[in-house]
Structure formats: structure tokens, C-alpha cells
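Coordinates as given in my_file-v6.cif (mmCIF, C-alpha atoms):
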```
data_run
#
loop_
_atom_site.label_atom_id
_atom_site.label_comp_id
_atom_site.auth_asym_id
_atom_site.auth_seq_id
_atom_site.Cartn_x
_atom_site.Cartn_y
_atom_site.Cartn_z
CA MET X 20 -31.14 -43.73 8.54
CA SER X 21 -27.99 -41.69 9.18
CA SER X 22 -27.95 -38.53 11.26
CA GLU X 23 -27.03 -36.55 8.14
CA SER X 24 -30.11 -37.81 6.29
CA THR X 25 -32.27 -37.01 9.32
CA ASP X 26 -30.90 -33.47 9.47
CA LYS X 27 -31.58 -32.96 5.77
CA GLN X 28 -35.12 -34.25 6.14
CA THR X 29 -35.74 -31.97 9.12
CA GLU X 30 -34.33 -29.01 7.21
CA ALA X 31 -36.50 -29.81 4.18
CA GLN X 32 -39.61 -30.00 6.36
CA ALA X 33 -38.73 -26.68 8.01
CA LYS X 34 -38.35 -25.04 4.62
CA ALA X 35 -41.65 -26.48 3.46
CA LYS X 36 -43.45 -25.01 6.45
CA ALA X 37 -41.64 -21.69 6.20
CA SER X 38 -42.58 -21.37 2.54
CA ILE X 39 -46.08 -20.26 3.56
CA PHE X 40 -44.60 -16.84 4.38
CA ASP X 41 -42.74 -16.48 1.09
CA GLY X 42 -44.14 -13.52 -0.81
CA TRP X 43 -46.50 -12.52 2.00
CA ASN X 44 -46.20 -8.86 0.94
CA ALA X 45 -46.78 -9.48 -2.78
CA PRO X 46 -49.26 -6.99 -4.31
CA PRO X 47 -51.98 -9.65 -4.82
CA ASN X 48 -51.75 -10.56 -1.14
CA LEU X 49 -52.01 -6.89 -0.15
CA VAL X 50 -55.28 -6.74 -2.08
CA THR X 51 -56.44 -9.77 -0.12
CA TYR X 52 -55.53 -8.09 3.18
CA SER X 53 -57.44 -4.96 2.16
CA ARG X 54 -60.50 -7.10 1.52
CA ILE X 55 -60.32 -8.33 5.10
CA VAL X 56 -60.30 -4.71 6.31
CA LEU X 57 -63.36 -4.01 4.14
CA VAL X 58 -65.09 -7.00 5.72
CA VAL X 59 -64.81 -5.46 9.17
CA ILE X 60 -66.13 -2.10 8.00
CA PHE X 61 -68.96 -3.76 6.08
CA LEU X 62 -70.08 -5.83 9.07
CA VAL X 63 -70.13 -2.81 11.39
CA LEU X 64 -72.24 -0.78 8.97
CA ASP X 65 -74.56 -3.70 8.26
CA VAL X 66 -75.25 -4.24 11.95
CA MET X 67 -75.82 -0.52 12.50
CA ALA X 68 -78.32 -0.44 9.61
CA GLY X 69 -80.54 -2.97 11.37
CA GLU X 70 -82.90 -5.60 10.00
CA TRP X 71 -83.35 -5.14 6.24
CA GLY X 72 -81.72 -1.72 6.75
CA ALA X 73 -84.85 -0.37 8.43
CA ASP X 74 -82.89 1.53 11.10
CA ASN X 75 -80.72 3.36 8.59
CA THR X 76 -81.31 2.74 4.89
CA THR X 77 -78.28 4.78 3.85
CA LEU X 78 -75.93 2.63 5.93
CA ARG X 79 -77.50 -0.48 4.41
CA TRP X 80 -76.82 0.82 0.90
CA VAL X 81 -73.24 1.65 1.84
CA ALA X 82 -72.76 -1.76 3.47
CA ALA X 83 -74.14 -3.51 0.38
CA VAL X 84 -71.82 -1.56 -1.92
CA LEU X 85 -68.82 -2.36 0.30
CA PHE X 86 -69.77 -6.04 0.19
CA ILE X 87 -69.89 -5.96 -3.60
CA ILE X 88 -66.52 -4.16 -3.78
CA ALA X 89 -64.91 -6.60 -1.35
CA ALA X 90 -66.30 -9.58 -3.25
CA SER X 91 -65.11 -8.15 -6.57
CA THR X 92 -61.52 -7.77 -5.39
CA ASP X 93 -61.30 -11.55 -5.22
CA LYS X 94 -60.95 -11.55 -9.01
CA ILE X 95 -58.40 -8.73 -8.92
CA ASP X 96 -55.86 -10.41 -6.66
CA GLY X 97 -56.27 -13.72 -8.48
CA TRP X 98 -55.72 -12.02 -11.84
CA MET X 99 -52.68 -10.14 -10.54
CA ALA X 100 -51.17 -13.29 -9.07
CA ARG X 101 -51.47 -15.19 -12.34
CA LYS X 102 -50.48 -12.35 -14.67
CA TYR X 103 -47.35 -11.35 -12.76
CA ASN X 104 -46.47 -14.88 -11.64
CA GLN X 105 -46.93 -14.02 -7.96
CA VAL X 106 -48.95 -17.04 -6.89
CA THR X 107 -47.86 -17.80 -3.32
CA GLU X 108 -48.76 -20.33 -0.65
CA MET X 109 -49.86 -17.40 1.53
CA GLY X 110 -52.18 -16.23 -1.22
CA LYS X 111 -53.65 -19.71 -1.68
CA LEU X 112 -54.40 -19.80 2.03
CA MET X 113 -55.52 -16.23 2.73
CA ASP X 114 -57.66 -15.73 -0.37
CA PRO X 115 -60.29 -18.34 0.55
CA ILE X 116 -60.12 -17.25 4.21
CA ALA X 117 -60.89 -13.66 3.20
CA ASP X 118 -63.81 -14.94 1.13
CA LYS X 119 -65.13 -16.95 4.07
CA LEU X 120 -64.88 -14.02 6.47
CA LEU X 121 -66.85 -11.88 4.04
CA THR X 122 -69.58 -14.32 3.08
CA CYS X 123 -69.96 -16.12 6.40
CA GLY X 124 -69.97 -12.83 8.30
CA ALA X 125 -72.69 -11.49 6.02
CA MET X 126 -74.75 -14.66 6.38
CA ILE X 127 -74.53 -14.64 10.17
CA VAL X 128 -75.76 -11.04 10.35
CA CYS X 129 -78.55 -11.81 7.87
CA SER X 130 -79.63 -14.79 9.97
CA VAL X 131 -79.56 -12.76 13.18
CA PHE X 132 -81.84 -10.21 11.50
CA GLY X 133 -84.14 -12.96 10.22
CA GLU X 134 -83.31 -12.27 6.57
CA LEU X 135 -81.88 -15.74 5.97
CA GLY X 136 -82.71 -19.08 7.56
CA TRP X 137 -80.25 -20.25 10.18
CA TRP X 138 -80.21 -23.75 8.63
CA VAL X 139 -78.64 -22.30 5.48
CA THR X 140 -76.02 -20.36 7.40
CA ILE X 141 -75.17 -23.29 9.67
CA LEU X 142 -74.61 -25.64 6.74
CA PHE X 143 -72.35 -23.07 5.12
CA LEU X 144 -70.43 -22.57 8.36
CA ILE X 145 -69.92 -26.29 8.93
CA ARG X 146 -68.45 -26.70 5.47
CA GLU X 147 -66.38 -23.50 5.46
CA ILE X 148 -64.91 -23.92 8.94
CA GLY X 149 -64.28 -27.61 8.35
CA ILE X 150 -62.40 -27.02 5.10
CA THR X 151 -60.42 -24.13 6.61
CA VAL X 152 -59.29 -26.35 9.51
CA MET X 153 -58.48 -29.06 6.99
CA ARG X 154 -56.28 -26.62 5.05
CA PHE X 155 -54.22 -25.94 8.17
CA PHE X 156 -54.03 -29.67 8.88
CA VAL X 157 -52.70 -30.35 5.38
CA MET X 158 -50.26 -27.45 5.65
CA GLU X 159 -48.81 -28.81 8.90
CA ARG X 160 -48.10 -32.25 7.50
CA PRO X 161 -44.49 -32.96 6.44
CA GLY X 162 -44.10 -31.48 2.99
CA GLY X 163 -47.74 -30.44 3.04
CA LYS X 164 -48.87 -27.74 0.66
CA VAL X 165 -51.98 -25.62 0.62
CA ILE X 166 -54.46 -26.99 -1.90
CA ALA X 167 -56.02 -24.22 -3.95
CA ALA X 168 -59.77 -24.00 -4.36
CA ALA X 169 -61.19 -26.18 -7.14
CA TRP X 170 -63.67 -24.91 -9.73
CA PRO X 171 -66.81 -26.04 -7.79
CA GLY X 172 -65.65 -23.97 -4.81
CA LYS X 173 -64.96 -20.96 -7.00
CA LEU X 174 -68.38 -21.29 -8.64
CA LYS X 175 -69.95 -21.57 -5.20
CA THR X 176 -68.32 -18.30 -4.21
CA VAL X 177 -69.71 -16.55 -7.29
CA PHE X 178 -73.28 -17.69 -6.62
CA GLN X 179 -72.95 -16.95 -2.92
CA CYS X 180 -71.65 -13.43 -3.48
CA VAL X 181 -74.28 -12.63 -6.11
CA GLY X 182 -77.09 -13.95 -3.91
CA LEU X 183 -75.88 -12.12 -0.80
CA SER X 184 -75.37 -8.91 -2.76
CA MET X 185 -78.98 -9.07 -3.94
CA LEU X 186 -80.15 -9.80 -0.40
CA LEU X 187 -78.15 -6.95 1.11
CA LEU X 188 -79.32 -4.32 -1.36
CA PRO X 189 -82.40 -2.63 0.19
CA ILE X 190 -84.44 -2.92 -2.99
CA TRP X 191 -87.60 -2.83 -0.91
CA THR X 192 -87.16 0.94 -0.59
CA PHE X 193 -88.38 1.29 -4.20
CA GLU X 194 -91.73 -0.14 -3.16
CA THR X 195 -94.32 2.65 -3.10
CA GLY X 196 -97.66 0.86 -2.89
CA ALA X 197 -99.46 -0.60 0.10
CA SER X 198 -99.10 -4.20 -1.14
CA THR X 199 -95.95 -6.04 -2.18
CA PRO X 200 -95.54 -5.72 -5.98
CA LEU X 201 -94.94 -8.78 -8.13
CA TRP X 202 -91.52 -7.57 -9.24
CA LEU X 203 -90.30 -7.41 -5.63
CA THR X 204 -91.58 -10.92 -4.90
CA ALA X 205 -89.82 -12.20 -8.04
CA TYR X 206 -86.62 -10.39 -7.03
CA TYR X 207 -86.40 -12.06 -3.62
CA PHE X 208 -87.45 -15.43 -5.06
CA LEU X 209 -84.49 -15.21 -7.45
CA THR X 210 -82.24 -14.03 -4.61
CA TYR X 211 -82.95 -17.02 -2.38
CA THR X 212 -82.77 -19.43 -5.33
CA ILE X 213 -79.24 -18.25 -6.09
CA ILE X 214 -78.26 -18.67 -2.44
CA TYR X 215 -79.67 -22.21 -2.37
CA VAL X 216 -77.73 -23.09 -5.54
CA ALA X 217 -74.61 -21.75 -3.78
CA LEU X 218 -75.38 -24.04 -0.83
CA VAL X 219 -75.52 -27.11 -3.08
CA LEU X 220 -72.22 -26.11 -4.68
CA CYS X 221 -70.80 -25.45 -1.21
CA LEU X 222 -71.47 -28.99 -0.01
CA TYR X 223 -70.37 -30.54 -3.29
CA SER X 224 -67.10 -28.58 -3.43
CA GLY X 225 -66.39 -29.61 0.17
CA GLY X 226 -66.63 -33.23 -0.88
CA VAL X 227 -64.35 -32.57 -3.85
CA TYR X 228 -61.76 -30.95 -1.57
CA LEU X 229 -61.79 -33.93 0.81
CA TYR X 230 -61.40 -36.31 -2.12
CA ASN X 231 -58.48 -34.35 -3.60
CA THR X 232 -56.81 -34.13 -0.19
CA PHE X 233 -57.08 -37.69 1.07
CA VAL X 234 -58.25 -40.08 -1.65
CA ALA X 235 -56.56 -38.84 -4.84
CA PRO X 236 -52.98 -38.84 -3.42
CA LYS X 237 -53.35 -42.45 -2.24
CA LYS X 238 -54.59 -43.53 -5.66
CA ALA X 239 -51.66 -41.74 -7.29
CA GLU X 240 -49.21 -43.67 -5.12
CA GLN X 241 -50.69 -47.04 -6.10
#
```
Produce C-alpha cells that represent the structure in this file.
Amino acid sequence: MSSESTDKQTEAQAKAKASIFDGWNAPPNLVTYSRIVLVVIFLVLDVMAGEWGADNTTLRWVAAVLFIIAASTDKIDGWMARKYNQVTEMGKLMDPIADKLLTCGAMIVCSVFGELGWWVTILFLIREIGITVMRFFVMERPGGKVIAAAWPGKLKTVFQCVGLSMLLLPIWTFETGASTPLWLTAYYFLTYTIIYVALVLCLYSGGVYLYNTFVAPKKAEQ
């Protein structure tokens, strides 16, 4: 291979890596950044509220509302990116990271407070951290591009956010009797069922991502 060809290849690789920063300040990405800020505020308020919000019910309500707002903005930046043709490599990378910071942060706090089993949170963390590291690995490869989340991962996020929103809302404050009412038992049964469905989708979507990253490209080359 000539030196000129080598230089062109090196330049092409440099451009491919630099492309991650193209459009970093696009409006959809700014929405994503704002969601990360909301995550920090939410986590602080949630911790201050205490277990099930018993220390400060008002803060727990506010934290739950902020979680719902932050989760909802995921649809806004995605819609903006598609509508105005501002889909960027930075957005593909930061959007799922913002989601993971929000959901994983919430799950860790819930587990610390005993509101959610650690085994559920740990399985989520293994998958989420593993896939995030894998994204960076793929991005660093020559000509590597960030692979956007597939539909199972997006569906997982929906179930996860709905389940965590229900768990974070201090619905127990509406209980007035001495014994736990049937409606409250049914509410939390549905809440944990949704979270468990999200866990199944989480593990499945992780397998899909690994397949699309390593197996599918090799089959395409054959």
C-alpha cells in the first residue's frame, strides 16, 4: 500500500471518529442534555425524600414528577431529530446514555431504600453498562458508527419508565384505613409486573444489540 493511500485511510478514519461531534449543539441534543440535568435534580430530591417518601412526601411527589418529565423528553428529542432531519451520531450516543442515567439512577435509589430488589437492579445495570461500553468500543473501531437502539430496547425503556414512575409516585399517601386496601395491593402488583416485563425486554434487547453488532455484519460480508 502506498504512503498516499495510507494517508487517505488515516484521514478517513480521523473524520469518522470526529463525526461524533458533528451537530453536538443541535436542538434535539440540547433537549437530551437538559434531561441529564433533570436527572441530577431528581436524584437529589428522591434521596432527600427518604424511603417511600416517608421523610418528605412533598419532595417525593416532586421527584416523581421530575422523573416523568425527564422520561417524556426522550420522545421530544427523538421527534425533533427526525422531523427536522437533525439525527446525529452524538444524539444516537447521548440519548440512550441519558435514559440509562435516569432509569438506572432511579433503580439504585429504590434498591437502597428497599423499594426494589437488588437482583432486578443488578441485572439491569449489567446489561446497561455492558451495552454502553460496547457502544464506545464500536465507535472507536475504524469506520465504526454508533448503532441506534432497536425496537426491543425502546420498548424496554417505555415499560421501565412507566413501572418506575408508578413506583416513585407516593400513592400510599391516599391510604386512610388501618389495613392495606385491595386497590393499593393491586396497584403495586401491577407496578412490579411492568418492571419485570421491562427486565425481560432489557435482557432480550441486549442480545439483539450484540447480534446486530457482531454477527449480522459478518453474515452480510459472506
Do you know which residues are at most 8 Å from Val128 of chain X counting all atoms listed in the file, after dropping those on the same chain fewer than 3 positions away, and could you put them as a list in words?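 Residues meeting the cut-off are Leu62, Asp65, Val66, Gly124, Ala125, Val131 and Phe132 of chain X.
With all atoms listed in the file taken into account, the protein and nucleic acid residues at most 8 Å from Thr176 of chain X (excluding it and anything under 3 positions from it in its own chain) are Asp118, Gly172, Lys173, Gln179, Cys180 and Ala217 of chain X.
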Tell me which protein, DNA and RNA residues are within 12 Å of Ile60 of chain X, counting all atoms listed in the file, leaving out same-chain ones fewer than 6 positions away, and put them as a count of residues only. 16
Just how far from atom CA of Met113 of chain X is atom CA of Val50 of chain X, in Å to one decimal?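 Separation between atom CA of Val50 of chain X and atom CA of Met113 of chain X: 10.6 Å.
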What is the atom CA of Gly110 of chain X-atom CA of Pro47 of chain X distance in Å, reported with one decimal?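 Answer for the atom CA of Gly110 of chain X to atom CA of Pro47 of chain X separation: 7.5 Å.
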Contacts of Met99 of chain X within 9 Å, all atoms listed in the file, excl. fewer than 5 positions in-chain, as a ChimeraX atom specification: /X:46-47,94,104-106
One number please: atom CA of Tyr215 of chain X to atom CA of Trp170 of chain X, in Å, one decimal. 17.8 Å
Using only C-alpha atoms, the shortest atom-to-atom distance to Ile116 of chain X among X:Ile87, X:Val139, X:Val58, X:Pro171 belongs to X:Val58
Given the choices X:Ala197, X:Leu49, X:Leu218, X:Asn44, which gets closest to Ile141 of chain X if the distance is worked out from all atoms listed in the file?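 Using all atoms listed in the file, the shortest distance to Ile141 of chain X belongs to X:Leu218.
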Kindly output segment 62-78 of chain X as a short mmCIF file (atom, residue, chain, number, x, y, z; two decimals), in the frame of the given file, after building N, CA and C atoms.
```cif
data_model
loop_
_atom_site.label_atom_id
_atom_site.label_comp_id
_atom_site.auth_asym_id
_atom_site.auth_seq_id
_atom_site.Cartn_x
_atom_site.Cartn_y
_atom_site.Cartn_z
N LEU X 62 -69.29 -5.20 8.02
CA LEU X 62 -70.08 -5.83 9.07
C LEU X 62 -70.58 -4.81 10.09
N VAL X 63 -69.73 -3.85 10.43
CA VAL X 63 -70.13 -2.81 11.39
C VAL X 63 -71.29 -1.99 10.83
N LEU X 64 -71.18 -1.59 9.58
CA LEU X 64 -72.24 -0.78 8.97
C LEU X 64 -73.53 -1.59 8.80
N ASP X 65 -73.39 -2.85 8.45
CA ASP X 65 -74.56 -3.70 8.26
C ASP X 65 -75.33 -3.88 9.56
N VAL X 66 -74.61 -4.09 10.64
CA VAL X 66 -75.25 -4.24 11.95
C VAL X 66 -75.93 -2.94 12.37
N MET X 67 -75.25 -1.82 12.13
CA MET X 67 -75.82 -0.52 12.50
C MET X 67 -77.08 -0.20 11.70
N ALA X 68 -77.16 -0.71 10.47
CA ALA X 68 -78.32 -0.44 9.61
C ALA X 68 -79.57 -1.15 10.11
N GLY X 69 -79.39 -2.26 10.84
CA GLY X 69 -80.54 -2.97 11.37
C GLY X 69 -81.15 -3.94 10.38
N GLU X 70 -82.23 -4.59 10.82
CA GLU X 70 -82.90 -5.60 10.00
C GLU X 70 -83.42 -5.01 8.70
N TRP X 71 -83.00 -5.60 7.58
CA TRP X 71 -83.35 -5.14 6.24
C TRP X 71 -82.95 -3.68 5.99
N GLY X 72 -82.14 -3.11 6.90
CA GLY X 72 -81.72 -1.72 6.75
C GLY X 72 -82.78 -0.74 7.20
N ALA X 73 -83.74 -1.23 8.00
CA ALA X 73 -84.85 -0.37 8.43
C ALA X 73 -84.41 0.74 9.37
N ASP X 74 -83.36 0.51 10.16
CA ASP X 74 -82.89 1.53 11.10
C ASP X 74 -82.17 2.67 10.39
N ASN X 75 -81.45 2.35 9.35
CA ASN X 75 -80.72 3.36 8.59
C ASN X 75 -80.50 2.83 7.16
N THR X 76 -81.38 3.24 6.27
CA THR X 76 -81.31 2.74 4.89
C THR X 76 -80.01 3.13 4.20
N THR X 77 -79.52 4.32 4.49
CA THR X 77 -78.28 4.78 3.85
C THR X 77 -77.11 3.87 4.21
N LEU X 78 -77.01 3.52 5.50
CA LEU X 78 -75.93 2.63 5.93
C LEU X 78 -76.05 1.27 5.27
#
```
